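Engineer: mmCIF, C-alpha atoms, saved as run28.cif, coming up:
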```cif
data_final
loop_
_atom_site.label_atom_id
_atom_site.label_comp_id
_atom_site.auth_asym_id
_atom_site.auth_seq_id
_atom_site.Cartn_x
_atom_site.Cartn_y
_atom_site.Cartn_z
CA MET A 43 -15.23 45.64 1.89
CA ASP A 44 -11.87 46.84 3.25
CA PHE A 45 -9.24 44.17 2.61
CA ASP A 46 -6.76 45.66 5.09
CA ASP A 47 -6.65 44.20 8.59
CA THR A 48 -8.45 46.12 11.30
CA PRO A 49 -6.30 46.84 14.38
CA GLU A 50 -7.85 43.80 16.08
CA GLU A 51 -7.20 41.58 13.05
CA ALA A 52 -3.63 42.85 12.77
CA ALA A 53 -3.04 41.97 16.42
CA PHE A 54 -4.51 38.51 15.85
CA ARG A 55 -2.30 38.01 12.78
CA ALA A 56 0.79 39.03 14.73
CA GLU A 57 -0.10 36.62 17.54
CA ALA A 58 -0.66 33.77 15.08
CA ARG A 59 2.56 34.51 13.19
CA THR A 60 4.59 34.60 16.40
CA TRP A 61 3.18 31.27 17.60
CA LEU A 62 3.67 29.60 14.22
CA ALA A 63 7.24 30.85 13.96
CA ALA A 64 7.98 29.32 17.34
CA ASN A 65 6.12 26.04 16.89
CA ALA A 66 5.78 25.13 13.20
CA VAL A 67 9.42 24.12 12.93
CA ALA A 68 9.92 20.98 14.95
CA LYS A 69 13.40 19.94 16.08
CA GLY A 70 15.15 18.17 13.19
CA ASP A 71 12.52 19.25 10.66
CA SER A 72 12.75 21.64 7.73
CA GLY A 73 9.55 23.30 8.90
CA ASP A 74 7.75 22.60 5.62
CA PHE A 75 5.92 19.46 6.64
CA SER A 76 3.97 19.25 3.39
CA THR A 77 7.01 19.32 1.11
CA GLY A 78 8.05 15.78 1.99
CA TYR A 79 4.64 14.52 0.95
CA PHE A 80 4.54 16.50 -2.28
CA SER A 81 8.09 15.48 -3.24
CA GLY A 82 7.36 11.80 -2.75
CA GLU A 83 9.53 11.44 0.36
CA MET A 84 6.50 10.89 2.59
CA THR A 85 3.78 8.28 2.12
CA THR A 86 0.12 9.12 2.53
CA ALA A 87 0.06 7.17 5.80
CA ALA A 88 3.00 9.15 7.18
CA TYR A 89 1.41 12.38 6.02
CA VAL A 90 -1.84 11.58 7.85
CA GLU A 91 0.08 10.82 11.04
CA ARG A 92 1.88 14.14 10.68
CA CYS A 93 -1.50 15.82 10.31
CA ARG A 94 -2.70 14.16 13.52
CA TRP A 95 0.38 15.39 15.35
CA TRP A 96 0.05 18.96 14.11
CA GLN A 97 -3.69 19.09 14.82
CA GLY A 98 -2.92 18.00 18.36
CA CYS A 99 -0.40 20.84 18.65
CA LEU A 100 -3.01 23.32 17.45
CA HIS A 101 -5.57 22.07 19.96
CA ALA A 102 -3.16 22.14 22.90
CA ALA A 103 -2.31 25.77 22.14
CA GLY A 104 -5.90 26.90 21.54
CA TRP A 105 -5.62 27.30 17.75
CA ALA A 106 -7.99 24.48 16.75
CA GLY A 107 -11.48 25.34 15.53
CA ILE A 108 -10.77 29.06 15.64
CA SER A 109 -14.24 30.12 14.50
CA TRP A 110 -16.05 27.27 16.26
CA PRO A 111 -18.20 28.31 19.25
CA ARG A 112 -16.58 27.75 22.63
CA GLN A 113 -19.37 25.35 23.57
CA PHE A 114 -18.04 22.98 20.90
CA GLY A 115 -14.41 23.33 21.97
CA GLY A 116 -13.44 26.11 19.59
CA ARG A 117 -11.82 29.48 20.15
CA GLY A 118 -15.04 31.41 19.53
CA ALA A 119 -13.36 33.83 17.13
CA LYS A 120 -14.74 35.27 13.90
CA PRO A 121 -14.53 33.39 10.57
CA ILE A 122 -12.30 36.19 9.24
CA GLU A 123 -9.77 35.33 11.94
CA GLU A 124 -9.95 31.70 10.85
CA ALA A 125 -9.00 32.89 7.35
CA ILE A 126 -6.13 34.97 8.72
CA PHE A 127 -4.72 32.00 10.63
CA ALA A 128 -5.07 29.78 7.54
CA GLU A 129 -3.08 32.33 5.51
CA GLU A 130 -0.29 32.49 8.06
CA GLN A 131 -0.23 28.72 8.58
CA ALA A 132 0.04 28.13 4.82
CA ARG A 133 3.33 30.03 4.78
CA PHE A 134 4.87 27.27 6.88
CA GLY A 135 3.55 24.39 4.75
CA VAL A 136 2.44 22.39 7.77
CA SER A 137 0.42 19.22 7.29
CA VAL A 138 -3.30 19.82 7.84
CA GLY A 139 -5.00 18.20 4.84
CA ALA A 140 -6.13 15.00 6.55
CA PHE A 141 -8.49 17.01 8.76
CA ALA A 142 -10.04 19.08 5.97
CA VAL A 143 -13.10 16.80 5.90
CA ALA A 144 -13.50 16.56 9.68
CA ILE A 145 -12.94 20.17 10.69
CA GLY A 146 -13.77 21.97 7.46
CA MET A 147 -16.85 19.99 6.41
CA VAL A 148 -18.29 17.50 8.92
CA GLY A 149 -17.76 19.65 12.00
CA PRO A 150 -19.76 22.65 10.72
CA THR A 151 -22.44 20.26 9.44
CA LEU A 152 -22.73 18.59 12.86
CA MET A 153 -23.05 21.99 14.51
CA GLN A 154 -25.93 22.76 12.14
CA HIS A 155 -27.70 19.39 11.91
CA GLY A 156 -26.34 17.15 14.68
CA THR A 157 -28.00 16.32 17.97
CA PRO A 158 -26.38 17.48 21.25
CA ASP A 159 -25.21 13.89 21.89
CA GLN A 160 -23.64 13.67 18.41
CA GLN A 161 -21.92 17.01 18.86
CA ALA A 162 -20.54 15.93 22.24
CA ARG A 163 -19.34 12.60 20.81
CA TRP A 164 -17.62 13.69 17.60
CA LEU A 165 -16.57 17.34 17.64
CA ALA A 166 -13.92 17.29 20.38
CA PRO A 167 -11.93 14.30 18.97
CA MET A 168 -11.72 16.10 15.61
CA LEU A 169 -10.19 19.17 17.19
CA ARG A 170 -7.73 17.08 19.22
CA GLY A 171 -6.50 15.31 16.09
CA GLU A 172 -7.71 11.92 17.31
CA GLU A 173 -10.31 11.06 14.66
CA VAL A 174 -10.00 11.53 10.91
CA TRP A 175 -13.21 11.61 8.85
CA CYS A 176 -13.86 10.86 5.19
CA GLN A 177 -16.77 11.72 2.91
CA LEU A 178 -18.75 8.78 1.48
CA PHE A 179 -20.81 10.58 -1.16
CA SER A 180 -19.67 9.79 -4.73
CA GLU A 181 -20.51 6.47 -6.40
CA PRO A 182 -19.47 4.86 -9.71
CA GLU A 183 -22.66 6.16 -11.34
CA ALA A 184 -23.36 9.09 -9.02
CA GLY A 185 -20.50 11.56 -8.94
CA SER A 186 -21.48 14.91 -10.34
CA ASP A 187 -25.10 13.73 -10.35
CA LEU A 188 -25.01 12.84 -6.68
CA ALA A 189 -28.78 12.57 -6.30
CA SER A 190 -28.78 9.40 -8.42
CA LEU A 191 -26.88 7.44 -5.75
CA ARG A 192 -27.77 3.76 -5.38
CA THR A 193 -26.40 2.83 -1.97
CA ARG A 194 -29.38 1.60 0.09
CA ALA A 195 -30.09 1.74 3.81
CA VAL A 196 -32.95 -0.43 5.11
CA ARG A 197 -34.28 0.00 8.64
CA ASP A 198 -34.05 -3.10 10.83
CA GLY A 199 -35.34 -2.33 14.32
CA GLY A 200 -33.01 0.21 15.92
CA GLU A 201 -30.49 -0.04 13.10
CA PHE A 202 -30.09 0.53 9.38
CA VAL A 203 -28.49 -2.09 7.13
CA VAL A 204 -26.44 -0.49 4.35
CA ASP A 205 -25.35 -2.02 1.05
CA GLY A 206 -23.59 -0.23 -1.79
CA GLN A 207 -20.36 1.18 -3.15
CA LYS A 208 -18.61 4.54 -2.86
CA VAL A 209 -15.63 5.81 -4.83
CA TRP A 210 -13.07 8.66 -4.85
CA THR A 211 -13.14 8.75 -1.06
CA SER A 212 -10.13 10.69 0.24
CA ASN A 213 -8.14 9.09 3.08
CA ALA A 214 -10.78 6.41 3.72
CA GLN A 215 -8.03 3.92 4.58
CA HIS A 216 -6.81 6.21 7.39
CA SER A 217 -10.18 7.42 8.71
CA GLU A 218 -11.99 6.42 11.87
CA TRP A 219 -15.36 7.75 10.67
CA GLY A 220 -17.16 8.56 7.45
CA ILE A 221 -20.15 10.74 6.63
CA LEU A 222 -22.33 8.58 4.39
CA LEU A 223 -25.26 9.25 2.08
CA ALA A 224 -27.64 6.37 1.37
CA ARG A 225 -31.12 6.08 -0.09
CA THR A 226 -33.68 5.11 2.55
CA ASP A 227 -36.81 5.60 0.43
CA PRO A 228 -36.37 4.13 -3.08
CA ALA A 229 -39.83 5.35 -4.09
CA SER A 230 -38.86 8.99 -3.65
CA GLY A 231 -37.22 10.76 -6.54
CA ALA A 232 -33.92 12.61 -6.85
CA HIS A 233 -33.10 14.52 -3.67
CA ALA A 234 -35.90 13.09 -1.51
CA GLY A 235 -35.54 9.82 0.38
CA ILE A 236 -31.81 10.20 1.10
CA THR A 237 -30.43 9.93 4.63
CA ALA A 238 -27.04 10.96 6.05
CA PHE A 239 -25.22 8.70 8.50
CA ALA A 240 -22.01 8.55 10.49
CA VAL A 241 -20.32 5.18 9.95
CA ARG A 242 -17.28 3.54 11.54
CA MET A 243 -14.71 2.85 8.85
CA ASP A 244 -13.31 -0.19 10.66
CA GLY A 245 -16.72 -1.77 11.23
CA PRO A 246 -17.91 -5.16 9.89
CA GLY A 247 -18.83 -5.08 6.21
CA VAL A 248 -16.75 -1.98 5.35
CA ASP A 249 -14.10 -2.84 2.74
CA VAL A 250 -11.70 -0.04 1.72
CA ARG A 251 -9.63 -0.48 -1.45
CA PRO A 252 -7.04 2.22 -2.28
CA LEU A 253 -6.84 3.64 -5.81
CA ARG A 254 -3.37 4.41 -7.17
CA GLN A 255 -3.00 7.91 -8.64
CA LEU A 256 -0.76 9.60 -11.20
CA ASN A 257 1.75 10.51 -8.50
CA GLY A 258 2.05 6.90 -7.32
CA GLU A 259 0.22 7.45 -4.04
CA ALA A 260 -3.25 6.28 -3.02
CA HIS A 261 -5.12 9.29 -1.71
CA PHE A 262 -8.49 8.11 -3.06
CA ASN A 263 -10.30 4.85 -2.35
CA GLU A 264 -13.19 2.63 -3.30
CA VAL A 265 -15.37 1.70 -0.34
CA PHE A 266 -17.68 -1.33 -0.44
CA LEU A 267 -20.51 -1.58 2.09
CA ASP A 268 -21.86 -5.11 2.56
CA GLY A 269 -24.57 -5.45 5.19
CA VAL A 270 -23.09 -2.66 7.30
CA ARG A 271 -25.22 -2.07 10.40
CA ILE A 272 -25.53 1.53 11.58
CA ALA A 273 -27.34 2.48 14.78
CA ALA A 274 -30.30 4.84 14.41
CA ASP A 275 -28.60 7.38 16.69
CA GLN A 276 -25.92 7.78 13.99
CA VAL A 277 -28.41 9.32 11.56
CA LEU A 278 -27.37 12.93 10.88
CA GLY A 279 -30.39 15.18 10.57
CA GLU A 280 -33.75 13.59 9.81
CA VAL A 281 -34.39 10.27 8.04
CA ASP A 282 -35.12 10.88 4.33
CA GLU A 283 -33.92 14.50 4.71
CA GLY A 284 -30.24 13.84 4.12
CA TRP A 285 -30.03 16.12 1.10
CA LYS A 286 -30.10 19.11 3.48
CA VAL A 287 -27.12 17.63 5.29
CA ALA A 288 -25.38 16.92 1.98
CA ARG A 289 -25.85 20.48 0.71
CA ALA A 290 -24.45 21.93 3.93
CA THR A 291 -21.45 19.60 3.75
CA LEU A 292 -20.77 20.34 0.08
CA SER A 293 -20.93 24.10 0.63
CA ASN A 294 -18.51 23.78 3.54
CA GLU A 295 -16.30 21.58 1.35
CA ARG A 296 -15.90 24.23 -1.35
CA VAL A 297 -14.83 26.77 1.22
CA ALA A 298 -12.47 24.28 2.92
CA ILE A 299 -10.78 23.16 -0.31
CA ALA A 300 -9.67 26.68 -1.19
CA GLY A 301 -9.27 28.05 2.33
CA GLY A 302 -5.67 29.04 3.10
CA SER A 303 -4.19 27.02 0.22
CA GLY A 304 -1.80 28.56 -2.24
CA VAL A 305 -0.87 31.63 -0.18
CA SER A 306 2.89 31.02 -0.39
CA ASP A 307 2.94 29.39 -3.84
CA PRO A 308 3.80 32.56 -5.82
CA GLU A 309 6.70 33.26 -3.45
CA ARG A 310 8.06 29.75 -3.93
CA LEU A 311 7.55 29.92 -7.68
CA ARG A 312 9.47 33.21 -7.81
CA ALA A 313 12.32 31.61 -5.85
CA LEU A 314 12.43 28.70 -8.32
CA ALA A 315 12.49 31.13 -11.26
CA ARG A 316 15.51 32.89 -9.80
CA GLU A 317 17.21 29.56 -9.16
CA LEU A 318 16.66 28.57 -12.81
CA GLY A 319 17.59 32.02 -14.13
CA VAL A 320 14.28 32.62 -15.95
CA HIS A 321 12.97 35.43 -13.75
CA HIS A 322 13.89 38.07 -16.38
CA ASP A 323 12.16 36.20 -19.23
CA ALA A 324 9.26 38.29 -20.59
CA VAL A 325 6.97 35.30 -21.18
CA PHE A 326 7.56 33.97 -17.68
CA ARG A 327 6.95 37.39 -16.14
CA GLN A 328 3.63 37.74 -17.96
CA ARG A 329 2.43 34.28 -16.89
CA PHE A 330 3.69 34.83 -13.35
CA ALA A 331 1.77 38.11 -13.18
CA GLN A 332 -1.41 36.20 -14.02
CA ILE A 333 -0.61 33.67 -11.28
CA HIS A 334 -0.16 36.49 -8.79
CA ILE A 335 -3.42 38.15 -9.87
CA SER A 336 -5.30 34.85 -9.57
CA ASN A 337 -3.84 34.25 -6.12
CA GLU A 338 -4.92 37.70 -4.94
CA LEU A 339 -8.38 37.23 -6.45
CA LEU A 340 -8.71 33.92 -4.61
CA ARG A 341 -7.66 35.59 -1.38
CA TYR A 342 -10.30 38.30 -1.78
CA LEU A 343 -12.97 35.70 -2.49
CA LYS A 344 -12.01 33.86 0.70
CA LEU A 345 -12.13 37.05 2.74
CA ARG A 346 -15.50 38.02 1.30
CA THR A 347 -16.94 34.59 2.10
CA ARG A 348 -15.51 34.63 5.64
CA THR A 349 -16.84 38.15 6.20
CA ALA A 350 -20.33 37.03 5.19
CA MET A 351 -20.02 34.05 7.55
CA SER A 352 -18.99 36.44 10.34
CA LYS A 353 -22.38 38.12 9.86
CA GLY A 354 -24.23 34.82 10.22
CA ALA A 355 -24.50 33.78 6.56
CA ARG A 356 -24.02 30.14 5.54
CA PRO A 357 -21.72 29.25 2.62
CA GLY A 358 -23.86 29.44 -0.51
CA PRO A 359 -23.37 29.39 -4.28
CA GLU A 360 -20.57 31.93 -3.98
CA ALA A 361 -18.48 29.06 -2.60
CA SER A 362 -18.65 27.56 -6.10
CA ILE A 363 -16.99 30.70 -7.48
CA MET A 364 -14.15 30.22 -5.01
CA LYS A 365 -13.80 26.50 -5.75
CA LEU A 366 -13.76 27.07 -9.53
CA SER A 367 -11.22 29.89 -9.17
CA TYR A 368 -9.01 27.67 -7.03
CA SER A 369 -9.00 24.70 -9.43
CA ARG A 370 -8.10 26.99 -12.35
CA TYR A 371 -5.39 28.63 -10.26
CA VAL A 372 -3.62 25.42 -9.23
CA LYS A 373 -3.65 24.13 -12.81
CA ALA A 374 -2.07 27.34 -14.12
CA LEU A 375 0.47 27.23 -11.28
CA GLY A 376 1.54 23.67 -12.07
CA ASP A 377 1.68 24.33 -15.81
CA LEU A 378 3.99 27.31 -15.36
CA ALA A 379 6.20 25.59 -12.79
CA LEU A 380 6.90 22.68 -15.14
CA SER A 381 7.23 24.69 -18.35
CA MET A 382 9.87 26.97 -16.83
CA GLN A 383 11.96 23.89 -15.97
CA GLY A 384 12.04 22.76 -19.59
CA ALA A 385 13.09 19.13 -20.05
CA ARG A 386 13.97 18.91 -16.35
CA GLY A 387 10.28 19.25 -15.64
CA GLN A 388 9.93 15.58 -16.58
CA LEU A 389 12.22 14.46 -13.76
CA GLU A 390 11.01 13.32 -10.37
CA HIS A 391 12.41 13.37 -6.86
CA PRO A 392 15.33 13.31 -6.09
CA ASP A 393 16.64 14.52 -9.48
CA ALA A 394 14.13 17.30 -10.11
CA SER A 395 14.41 20.92 -9.06
CA ALA A 396 12.98 21.67 -5.59
CA ASP A 397 12.95 17.91 -4.86
CA GLY A 398 10.13 17.35 -7.34
CA VAL A 399 7.57 19.32 -5.33
CA TRP A 400 6.26 21.09 -8.44
CA GLN A 401 5.93 17.86 -10.40
CA GLN A 402 3.74 16.48 -7.62
CA LYS A 403 1.69 19.66 -7.48
CA PHE A 404 1.21 19.47 -11.26
CA LEU A 405 -0.09 15.90 -11.02
CA ASN A 406 -2.30 16.68 -8.03
CA ALA A 407 -3.86 19.65 -9.84
CA VAL A 408 -5.85 17.22 -12.00
CA GLN A 409 -7.89 16.02 -9.03
CA THR A 410 -8.66 19.58 -7.91
CA SER A 411 -10.90 20.16 -10.92
CA ILE A 412 -12.87 17.01 -10.02
CA GLY A 413 -12.93 16.66 -6.24
CA GLY A 414 -15.50 18.68 -4.32
CA GLY A 415 -17.67 18.96 -7.42
CA THR A 416 -16.31 19.17 -10.96
CA ASP A 417 -15.62 22.48 -12.65
CA GLU A 418 -18.66 21.83 -14.84
CA ILE A 419 -20.90 21.40 -11.80
CA GLN A 420 -19.54 24.61 -10.27
CA ARG A 421 -20.32 26.50 -13.49
CA ASN A 422 -23.87 25.14 -13.45
CA ILE A 423 -24.34 26.27 -9.84
CA ILE A 424 -22.98 29.73 -10.64
CA GLY A 425 -25.14 30.01 -13.75
CA GLU A 426 -28.35 28.87 -12.09
CA ARG A 427 -28.06 30.23 -8.54
CA VAL A 428 -25.93 33.34 -9.04
CA LEU A 429 -26.72 34.52 -12.58
CA GLY A 430 -30.29 33.19 -12.69
CA LEU A 431 -29.83 31.35 -15.98
CA PRO A 432 -32.22 28.53 -16.99
CA ARG A 433 -31.44 25.11 -15.53
CA ASP A 434 -29.80 22.48 -17.71
CA ALA A 435 -32.24 19.99 -19.20
CA ARG A 436 -31.99 16.73 -17.25
#
```
Would you write out, as structure tokens, the structure that this file holds?

Structural biologist:
Amino acid sequence: MDFDDTPEEAAFRAEARTWLAANAVAKGDSGDFSTGYFSGEMTTAAYVERCRWWQGCLHAAGWAGISWPRQFGGRGAKPIEEAIFAEEQARFGVSVGAFAVAIGMVGPTLMQHGTPDQQARWLAPMLRGEEVWCQLFSEPEAGSDLASLRTRAVRDGGEFVVDGQKVWTSNAQHSEWGILLARTDPASGAHAGITAFAVRMDGPGVDVRPLRQLNGEAHFNEVFLDGVRIAADQVLGEVDEGWKVARATLSNERVAIAGGSGVSDPERLRALARELGVHHDAVFRQRFAQIHISNELLRYLKLRTRTAMSKGARPGPEASIMKLSYSRYVKALGDLALSMQGARGQLEHPDASADGVWQQKFLNAVQTSIGGGTDEIQRNIIGERVLGLPRDAR
């Protein structure tokens, strides 16, 4: 494929860049809305509220759901234009992460598997920044091996009663809704007998308990479900066929995790190197070159995936290549950023260089290799579905 913008794409990029330059810097703000969060100046709750505000700005200006069909409230543009906007938006560091699950994962899944009533109920509030979603998939004994989940849903008239526990749920404490997987047919094995639901996170029987992380914040949560009643019209897809919904969501997740992230990181890392006076060091230059190469490789993978989606393809196993590349990239980025600071790399905000942003990125890189499917799971998917290697013995 040609990685240069077509005339139409170049015009779209210019339009996006002009709008972002005029609107991404709010009065009294630095313009880098994410930096406060990464430096420790902003709590997770404040960050989520900032995400709501910015998502509302995007919607009001017609930049929300760029590749979503117009019938669902989107712009009706091509997925490649979605990637272009994500690249340009990333240069401003605006806060968008709280809607990664809703708009990047649940929304596309609802368009594929949801009923017209479900689409009408849930898609528009996502785009307006009114409803945050979380993903209730992983369990204490069912993370990488998701099909072994134990959360049960038992039909009771026009409802399902759900009991179980979920863990590593991002932003559950700030979400209005969650996409939940539960076993509805215990007699079925592995992927069969699982159903996907939409569940209110503030409903009776839902207990959210934040988990403190390395960086001191609580991005992840445990979620306990005790007799939670879910209406039958909140089943996503067919009863006992939830694995299809799960696979669609997970494929969308791998694309969303890496989409648009990291575009401006090499530029910021180069600026830090000049500030510290290490930009002429041969070892730094070699490692920085690898960072730059990895960033460009990641960009090309994103563009290739978005191009395929523009032609009607769904995200497939190639999304695992992008997710694995991204987790390796952010780890290398954090390692280099701290090593070039020497002993000062152990300091935190406000004493650290760049307000401690790189220290926070270094700590957050650990979760990237786990969330959205571990690196090991991604390698298995690539080996089995891309390279055609024999499946692991299970």

Engineer: Evaluate the PyMOL selection byres ((chain A and resi 187) around 12) here and jot the selected residues down as a PyMOL selection string.

Structural biologist: chain A and resi 179-186+188-192+232-233+415-416+418-419+422+436

Engineer: Have a look at A:Ile333, A:Leu380, A:Ala140, A:Leu267 and name the one nearest to Val250 in chain A; count all atoms listed in the file.

Structural biologist: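 For Val250 in chain A, the nearest of the candidates is A:Leu267.
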
Engineer: Would you translate the PyMOL selection byres ((chain A and resi 168-170) around 7) into the concrete set of residues it matches in this file, as a ChimeraX atom specification?

Structural biologist: /A:97-98,101,106-107,144-145,164-167,171-174

Engineer: Would you mind listing what lies within 8 Å of range 111-122 of chain A as a list in words, with all atoms listed in the file counted and same-chain residues fewer than 2 positions away left out?

Structural biologist: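 Result of the neighbour search: Gly104, Trp105, Ala106, Gly107, Ile108, Ser109, Glu124, Ala125, Ile126, Gln161, Ala162, Leu165, Ala166, Leu169, Leu345, Arg348, Thr349, Met351 and Ser352 of chain A.
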
Engineer: May I have the selected residues written with C-alpha atoms, as a compact mmCIF listing (two decimals), in the coordinates of the input?

Structural biologist:
```txt
# COMPACT_ATOMS: atom_id res chain seq x y z
CA GLY A 104 -5.90 26.90 21.54
CA TRP A 105 -5.62 27.30 17.75
CA ALA A 106 -7.99 24.48 16.75
CA GLY A 107 -11.48 25.34 15.53
CA ILE A 108 -10.77 29.06 15.64
CA SER A 109 -14.24 30.12 14.50
CA GLU A 124 -9.95 31.70 10.85
CA ALA A 125 -9.00 32.89 7.35
CA ILE A 126 -6.13 34.97 8.72
CA GLN A 161 -21.92 17.01 18.86
CA ALA A 162 -20.54 15.93 22.24
CA LEU A 165 -16.57 17.34 17.64
CA ALA A 166 -13.92 17.29 20.38
CA LEU A 169 -10.19 19.17 17.19
CA LEU A 345 -12.13 37.05 2.74
CA ARG A 348 -15.51 34.63 5.64
CA THR A 349 -16.84 38.15 6.20
CA MET A 351 -20.02 34.05 7.55
CA SER A 352 -18.99 36.44 10.34
```

Engineer: Rounded to one decimal in Å, what is the spacing between CA of Val408 in chain A and CA of Lys373 in chain A?

Structural biologist: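 So the answer is 7.3 Å.
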
Engineer: Here's the selection I'm unsure about, the PyMOL selection byres ((chain A and resi 343) around 10); applied to the file above, which residues does it give, as a PDB file with C-alpha atoms, in the frame of the given file?

Structural biologist:
```
ATOM      1  CA  VAL A 297     -14.830  26.770   1.220  1.00  0.00           C
ATOM      2  CA  ALA A 300      -9.670  26.680  -1.190  1.00  0.00           C
ATOM      3  CA  GLY A 301      -9.270  28.050   2.330  1.00  0.00           C
ATOM      4  CA  ASN A 337      -3.840  34.250  -6.120  1.00  0.00           C
ATOM      5  CA  GLU A 338      -4.920  37.700  -4.940  1.00  0.00           C
ATOM      6  CA  LEU A 339      -8.380  37.230  -6.450  1.00  0.00           C
ATOM      7  CA  LEU A 340      -8.710  33.920  -4.610  1.00  0.00           C
ATOM      8  CA  ARG A 341      -7.660  35.590  -1.380  1.00  0.00           C
ATOM      9  CA  TYR A 342     -10.300  38.300  -1.780  1.00  0.00           C
ATOM     10  CA  LYS A 344     -12.010  33.860   0.700  1.00  0.00           C
ATOM     11  CA  LEU A 345     -12.130  37.050   2.740  1.00  0.00           C
ATOM     12  CA  ARG A 346     -15.500  38.020   1.300  1.00  0.00           C
ATOM     13  CA  THR A 347     -16.940  34.590   2.100  1.00  0.00           C
ATOM     14  CA  ARG A 348     -15.510  34.630   5.640  1.00  0.00           C
ATOM     15  CA  THR A 349     -16.840  38.150   6.200  1.00  0.00           C
ATOM     16  CA  GLU A 360     -20.570  31.930  -3.980  1.00  0.00           C
ATOM     17  CA  ALA A 361     -18.480  29.060  -2.600  1.00  0.00           C
ATOM     18  CA  ILE A 363     -16.990  30.700  -7.480  1.00  0.00           C
ATOM     19  CA  MET A 364     -14.150  30.220  -5.010  1.00  0.00           C
ATOM     20  CA  LYS A 365     -13.800  26.500  -5.750  1.00  0.00           C
ATOM     21  CA  SER A 367     -11.220  29.890  -9.170  1.00  0.00           C
TER      22      SER A 367
END
```

Engineer: Determine, counting all atoms listed in the file, which protein, DNA and RNA residues have an atom within 12 Å of an atom of range 251-263 of chain A; residues of the same chain fewer than 6 positions away are not included. Present the result as a PyMOL selection string.

Structural biologist: chain A and resi 79-90+139-140+176-178+180-182+207-217+243+390-391+398-409+413

Engineer: What's the 12 Å shell around Gln154 in chain A, counting only C-alpha atoms, without same-chain residues fewer than 5 positions away, as an MDAnalysis selection string?

Structural biologist: chainID A and resid 110:111 114 147:149 160:161 278:279 286:291 294 356

Engineer: For the residues in the current selection, export C-alpha atoms as a PDB file, keeping the file's coordinate frame.

Structural biologist:
```pdb
ATOM      1  CA  TRP A 110     -16.050  27.270  16.260  1.00  0.00           C
ATOM      2  CA  PRO A 111     -18.200  28.310  19.250  1.00  0.00           C
ATOM      3  CA  PHE A 114     -18.040  22.980  20.900  1.00  0.00           C
ATOM      4  CA  MET A 147     -16.850  19.990   6.410  1.00  0.00           C
ATOM      5  CA  VAL A 148     -18.290  17.500   8.920  1.00  0.00           C
ATOM      6  CA  GLY A 149     -17.760  19.650  12.000  1.00  0.00           C
ATOM      7  CA  GLN A 160     -23.640  13.670  18.410  1.00  0.00           C
ATOM      8  CA  GLN A 161     -21.920  17.010  18.860  1.00  0.00           C
ATOM      9  CA  LEU A 278     -27.370  12.930  10.880  1.00  0.00           C
ATOM     10  CA  GLY A 279     -30.390  15.180  10.570  1.00  0.00           C
ATOM     11  CA  LYS A 286     -30.100  19.110   3.480  1.00  0.00           C
ATOM     12  CA  VAL A 287     -27.120  17.630   5.290  1.00  0.00           C
ATOM     13  CA  ALA A 288     -25.380  16.920   1.980  1.00  0.00           C
ATOM     14  CA  ARG A 289     -25.850  20.480   0.710  1.00  0.00           C
ATOM     15  CA  ALA A 290     -24.450  21.930   3.930  1.00  0.00           C
ATOM     16  CA  THR A 291     -21.450  19.600   3.750  1.00  0.00           C
ATOM     17  CA  ASN A 294     -18.510  23.780   3.540  1.00  0.00           C
ATOM     18  CA  ARG A 356     -24.020  30.140   5.540  1.00  0.00           C
TER      19      ARG A 356
END
```

Engineer: Between A:Ser336, A:Ala350, A:Phe326, A:Pro392, which residue has the minimum interatomic distance to Leu378 in chain A, considering all atoms listed in the file?

Structural biologist: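 With all atoms listed in the file as the atom set, the closest residue is A:Phe326.
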
Engineer: Counting all atoms listed in the file, which of A:Asp268, A:Asp244, A:Asp377, A:Glu123 gets nearest to Asp205 in chain A?

Structural biologist: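 Among A:Asp268, A:Asp244, A:Asp377, A:Glu123, it is A:Asp268 that comes nearest to Asp205 in chain A.
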